[in-house]
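With mmCIF, C-alpha atoms inside, this is protein-v3.cif:
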```cif
data_my_file
loop_
_atom_site.label_atom_id
_atom_site.label_comp_id
_atom_site.auth_asym_id
_atom_site.auth_seq_id
_atom_site.Cartn_x
_atom_site.Cartn_y
_atom_site.Cartn_z
CA MET A 981 14.74 -6.04 -17.35
CA THR A 982 12.20 -7.31 -14.84
CA SER A 983 14.08 -10.52 -14.18
CA TRP A 984 16.16 -8.82 -11.46
CA LEU A 985 13.12 -7.07 -9.97
CA HIS A 986 11.20 -10.16 -8.91
CA PRO A 987 13.95 -11.76 -6.77
CA LEU A 988 14.84 -8.37 -5.29
CA VAL A 989 11.25 -7.59 -4.36
CA ALA A 990 10.72 -11.11 -3.03
CA THR A 991 13.87 -10.85 -0.89
CA LEU A 992 12.85 -7.43 0.43
CA LEU A 993 9.33 -8.57 1.28
CA ALA A 994 10.66 -11.71 2.95
CA ALA A 995 13.07 -9.62 5.04
CA LEU A 996 10.36 -7.15 6.06
CA ALA A 997 8.11 -10.02 7.12
CA LEU A 998 10.69 -11.34 9.59
CA PRO A 999 9.43 -11.03 13.16
CA ARG A 1000 12.20 -8.59 14.07
CA TYR A 1001 11.12 -6.15 11.32
CA SER A 1002 7.45 -6.92 10.82
CA LEU A 1003 6.01 -4.68 13.55
CA ALA A 1004 8.13 -1.73 12.45
CA THR A 1005 7.14 -2.37 8.84
CA VAL A 1006 3.44 -2.48 9.71
CA PHE A 1007 3.82 0.67 11.81
CA VAL A 1008 5.50 2.60 8.97
CA VAL A 1009 3.05 1.38 6.31
CA ALA A 1010 0.09 2.26 8.55
CA LEU A 1011 1.64 5.66 9.35
CA LEU A 1012 2.05 6.46 5.67
CA SER A 1013 -1.44 5.12 4.99
CA GLY A 1014 -2.82 7.37 7.74
CA THR A 1015 -1.63 10.45 5.87
CA LEU A 1016 -3.02 11.80 2.62
CA LEU A 1017 -0.91 9.34 0.62
CA PRO A 1018 -3.10 6.95 -1.39
CA LEU A 1019 -1.93 3.80 0.37
CA GLY A 1020 -3.72 1.01 2.19
CA SER A 1021 -2.13 -0.79 5.12
CA GLU A 1022 -4.44 -3.80 5.26
CA PRO A 1023 -2.36 -5.92 2.84
CA ALA A 1024 0.73 -5.42 5.01
CA VAL A 1025 -1.22 -6.21 8.19
CA PHE A 1026 -2.76 -9.31 6.64
CA GLY A 1027 0.56 -10.46 5.17
CA VAL A 1028 2.43 -10.20 8.45
CA ILE A 1029 -0.37 -11.93 10.36
CA THR A 1030 -0.47 -14.69 7.74
CA LEU A 1031 3.28 -15.26 8.11
CA ASN A 1032 3.30 -14.78 11.90
CA PRO A 1033 -0.16 -15.70 13.27
CA GLU A 1034 1.12 -15.57 16.85
CA GLN A 1035 1.64 -11.80 16.41
CA LEU A 1036 -2.04 -11.02 15.70
CA TRP A 1037 -2.56 -8.46 18.48
CA PRO A 1038 0.90 -6.87 18.36
CA VAL A 1039 0.46 -6.35 14.61
CA ILE A 1040 -3.01 -4.83 15.06
CA LEU A 1041 -1.68 -2.55 17.81
CA ALA A 1042 1.33 -1.51 15.68
CA ALA A 1043 -1.00 -0.75 12.76
CA THR A 1044 -3.33 1.20 15.04
CA ALA A 1045 -0.43 3.21 16.47
CA GLY A 1046 1.03 3.90 13.02
CA GLY A 1047 -2.33 4.91 11.57
CA THR A 1048 -3.00 7.15 14.54
CA VAL A 1049 0.38 8.87 14.25
CA GLY A 1050 -0.32 9.32 10.53
CA GLY A 1051 -3.70 10.84 11.41
CA GLY A 1052 -1.97 13.19 13.85
CA ILE A 1053 0.45 14.27 11.14
CA THR A 1054 -2.50 14.86 8.80
CA TRP A 1055 -4.26 16.89 11.51
CA ALA A 1056 -1.13 19.03 11.89
CA MET A 1057 -1.02 19.54 8.13
CA GLY A 1058 -4.58 20.83 8.23
CA TYR A 1059 -3.80 23.07 11.19
CA GLY A 1060 -0.78 24.51 9.41
CA ALA A 1061 -2.70 24.94 6.17
CA GLU A 1062 -5.43 26.84 7.96
CA ARG A 1063 -2.95 29.14 9.64
CA ALA A 1064 -1.28 29.82 6.29
CA TYR A 1065 -4.65 30.41 4.68
CA GLU A 1066 -5.65 32.87 7.41
CA ARG A 1067 -2.52 34.87 6.77
CA ILE A 1068 -3.28 35.14 3.07
CA ARG A 1069 -7.06 35.60 2.98
CA ALA A 1070 -9.80 36.44 5.44
CA ARG A 1071 -12.07 33.56 6.31
CA ALA A 1072 -15.12 33.23 4.12
CA THR A 1073 -18.37 34.12 5.87
CA ARG A 1074 -20.25 31.08 4.62
CA GLU A 1075 -18.90 27.62 5.45
CA SER A 1076 -19.75 24.43 3.63
CA ARG A 1077 -22.03 21.76 5.09
CA ALA A 1078 -19.08 19.46 5.73
CA LEU A 1079 -17.30 22.08 7.82
CA ALA A 1080 -20.48 22.85 9.74
CA TRP A 1081 -21.06 19.13 10.35
CA LEU A 1082 -17.51 18.65 11.58
CA GLU A 1083 -17.75 21.67 13.86
CA ARG A 1084 -21.03 20.35 15.27
CA PHE A 1085 -19.64 16.91 16.13
CA GLY A 1086 -16.17 18.14 17.07
CA PRO A 1087 -13.41 15.64 17.83
CA LYS A 1088 -15.89 12.72 17.85
CA ALA A 1089 -16.13 13.07 14.08
CA CYS A 1090 -12.55 11.78 13.96
CA LEU A 1091 -13.94 8.31 14.75
CA LEU A 1092 -14.56 8.24 10.99
CA ALA A 1093 -10.85 8.74 10.20
CA TRP A 1094 -10.69 5.04 9.32
CA LEU A 1095 -12.99 5.44 6.30
CA PRO A 1096 -11.42 5.09 2.88
CA VAL A 1097 -11.28 8.26 0.73
CA VAL A 1098 -12.83 10.63 3.30
CA GLY A 1099 -11.00 9.63 6.49
CA ASP A 1100 -7.67 11.31 5.85
CA PRO A 1101 -9.16 14.58 4.53
CA LEU A 1102 -11.39 14.55 7.62
CA CYS A 1103 -8.24 14.72 9.78
CA VAL A 1104 -6.98 17.66 7.71
CA VAL A 1105 -10.24 19.53 8.18
CA ALA A 1106 -10.21 18.77 11.93
CA GLY A 1107 -6.80 20.44 12.13
CA TRP A 1108 -8.01 23.26 9.89
CA LEU A 1109 -10.89 23.92 12.28
CA ARG A 1110 -8.45 23.76 15.20
CA LEU A 1111 -10.39 21.02 16.92
CA PRO A 1112 -8.52 19.89 20.06
CA PHE A 1113 -5.59 17.68 19.06
CA TRP A 1114 -5.60 15.05 21.84
CA PRO A 1115 -9.33 14.28 21.75
CA CYS A 1116 -9.13 14.07 17.94
CA LEU A 1117 -6.16 11.71 18.20
CA LEU A 1118 -7.99 9.54 20.74
CA TYR A 1119 -11.04 9.20 18.48
CA MET A 1120 -8.79 8.50 15.47
CA ALA A 1121 -7.10 5.70 17.45
CA ILE A 1122 -10.45 4.17 18.44
CA GLY A 1123 -11.72 4.25 14.87
CA LYS A 1124 -8.50 2.89 13.36
CA PHE A 1125 -8.27 0.12 15.99
CA GLY A 1126 -11.81 -0.95 15.10
CA ARG A 1127 -10.91 -0.88 11.41
CA TYR A 1128 -7.91 -3.16 11.83
CA VAL A 1129 -9.79 -5.60 14.05
CA LEU A 1130 -12.71 -5.71 11.58
CA PHE A 1131 -10.64 -6.04 8.39
CA THR A 1132 -8.19 -8.52 9.90
CA THR A 1133 -11.06 -10.66 11.19
CA LEU A 1134 -12.76 -10.58 7.78
CA LEU A 1135 -9.54 -11.40 5.92
CA LEU A 1136 -8.70 -14.26 8.30
CA TRP A 1137 -12.23 -15.59 7.87
CA VAL A 1138 -12.01 -15.45 4.06
CA PHE A 1139 -8.36 -16.61 3.90
CA PRO A 1140 -7.77 -18.77 7.00
CA THR A 1141 -4.17 -19.42 7.96
CA SER A 1142 -2.85 -22.93 8.42
CA ALA A 1143 -1.67 -22.30 11.98
#
```

Rendering of file as structure tokens:
Amino acid sequence: MTSWLHPLVATLLAALALPRYSLATVFVVALLSGTLLPLGSEPAVFGVITLNPEQLWPVILAATAGGTVGGGITWAMGYGAERAYERIRARATRESRALAWLERFGPKACLLAWLPVVGDPLCVVAGWLRLPFWPCLLYMAIGKFGRYVLFTTLLLWVFPTSA
């Protein structure tokens, strides 16, 4: 049963790694990864850079843009969830430490949107608290750009390409 799967997957991955599709692929994978879906975009970024080393910066920028758009979608989900929650139940008088911390730091806390496990929920809570969208998105972009530069540099150092 799996004999047909391997060639199909290999063909699909080879097609998505072609220069004409690779940036769009990285963008979409990073966008999905930037939402609450449990997905990491670093393997896609590293794979495309390994196959197309001349596209290092375009790939990092596509991943940053995709992750930032995904963070914006996650922020909007939190904003919508908060509005729905407010319609159903009055806001609790006592907020948790995490909410208080996020309110204290405001949009700058979205610099941490790149962190695994807590980064995406942080974007939801930023929307929930109705922190300003554009400053949050800017800080998300800065954090995610730094993440991709750091992880790509580390991966290229550990697994150097031949080119």

**Message:** Between CA of Trp1108 (chain A) and CA of Gly1052 (chain A), what is the distance in Å, rounded to a tenth?
**Reply:**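 Computing it gives 12.4 Å between the two atoms.
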
**Prompt:** Nearest to Ala1080 (chain A) among A:Trp1055, A:Thr1044, A:Trp1114, A:Val1105, with distances taken over all atoms listed in the file: which residue is it?
**Reply:**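 Ranked by minimum distance to Ala1080 (chain A), first place goes to A:Val1105.
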
As a check of understanding, name the residues that the PyMOL selection byres ((chain A and resi 1136) around 12) selects in the supplied structure, as a PDB file with C-alpha atoms, in the frame of the given file.
```
ATOM      1  CA  GLU A1022      -4.440  -3.800   5.260  1.00  0.00           C
ATOM      2  CA  PRO A1023      -2.360  -5.920   2.840  1.00  0.00           C
ATOM      3  CA  VAL A1025      -1.220  -6.210   8.190  1.00  0.00           C
ATOM      4  CA  PHE A1026      -2.760  -9.310   6.640  1.00  0.00           C
ATOM      5  CA  GLY A1027       0.560 -10.460   5.170  1.00  0.00           C
ATOM      6  CA  VAL A1028       2.430 -10.200   8.450  1.00  0.00           C
ATOM      7  CA  ILE A1029      -0.370 -11.930  10.360  1.00  0.00           C
ATOM      8  CA  THR A1030      -0.470 -14.690   7.740  1.00  0.00           C
ATOM      9  CA  PRO A1033      -0.160 -15.700  13.270  1.00  0.00           C
ATOM     10  CA  LEU A1036      -2.040 -11.020  15.700  1.00  0.00           C
ATOM     11  CA  TYR A1128      -7.910  -3.160  11.830  1.00  0.00           C
ATOM     12  CA  VAL A1129      -9.790  -5.600  14.050  1.00  0.00           C
ATOM     13  CA  LEU A1130     -12.710  -5.710  11.580  1.00  0.00           C
ATOM     14  CA  PHE A1131     -10.640  -6.040   8.390  1.00  0.00           C
ATOM     15  CA  THR A1132      -8.190  -8.520   9.900  1.00  0.00           C
ATOM     16  CA  THR A1133     -11.060 -10.660  11.190  1.00  0.00           C
ATOM     17  CA  LEU A1134     -12.760 -10.580   7.780  1.00  0.00           C
ATOM     18  CA  LEU A1135      -9.540 -11.400   5.920  1.00  0.00           C
ATOM     19  CA  TRP A1137     -12.230 -15.590   7.870  1.00  0.00           C
ATOM     20  CA  VAL A1138     -12.010 -15.450   4.060  1.00  0.00           C
ATOM     21  CA  PHE A1139      -8.360 -16.610   3.900  1.00  0.00           C
ATOM     22  CA  PRO A1140      -7.770 -18.770   7.000  1.00  0.00           C
ATOM     23  CA  THR A1141      -4.170 -19.420   7.960  1.00  0.00           C
ATOM     24  CA  SER A1142      -2.850 -22.930   8.420  1.00  0.00           C
ATOM     25  CA  ALA A1143      -1.670 -22.300  11.980  1.00  0.00           C
TER      26      ALA A1143
END
```

**Request:** Given the file shown, enumerate the residues that the PyMOL selection byres ((chain A and resi 1089) around 12) captures and present them as an MDAnalysis selection string.
**Result:** chainID A and resid 1078:1088 1090:1095 1098:1103 1105:1106 1111:1112 1115:1120 1122:1123

**Request:** Using only C-alpha atoms, pick whichever of A:Leu1019, A:Val1006, A:Gly1058, A:Arg1000 has the shortest atom-to-atom distance to Val1097 (chain A).
**Result:** A:Leu1019

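In terms of minimum interatomic distance to Ser1002 (chain A), A:Ile1040 ranks closest within A:Ala1061, A:Ile1040, A:Pro1018, A:Gly1047, counting all atoms listed in the file.
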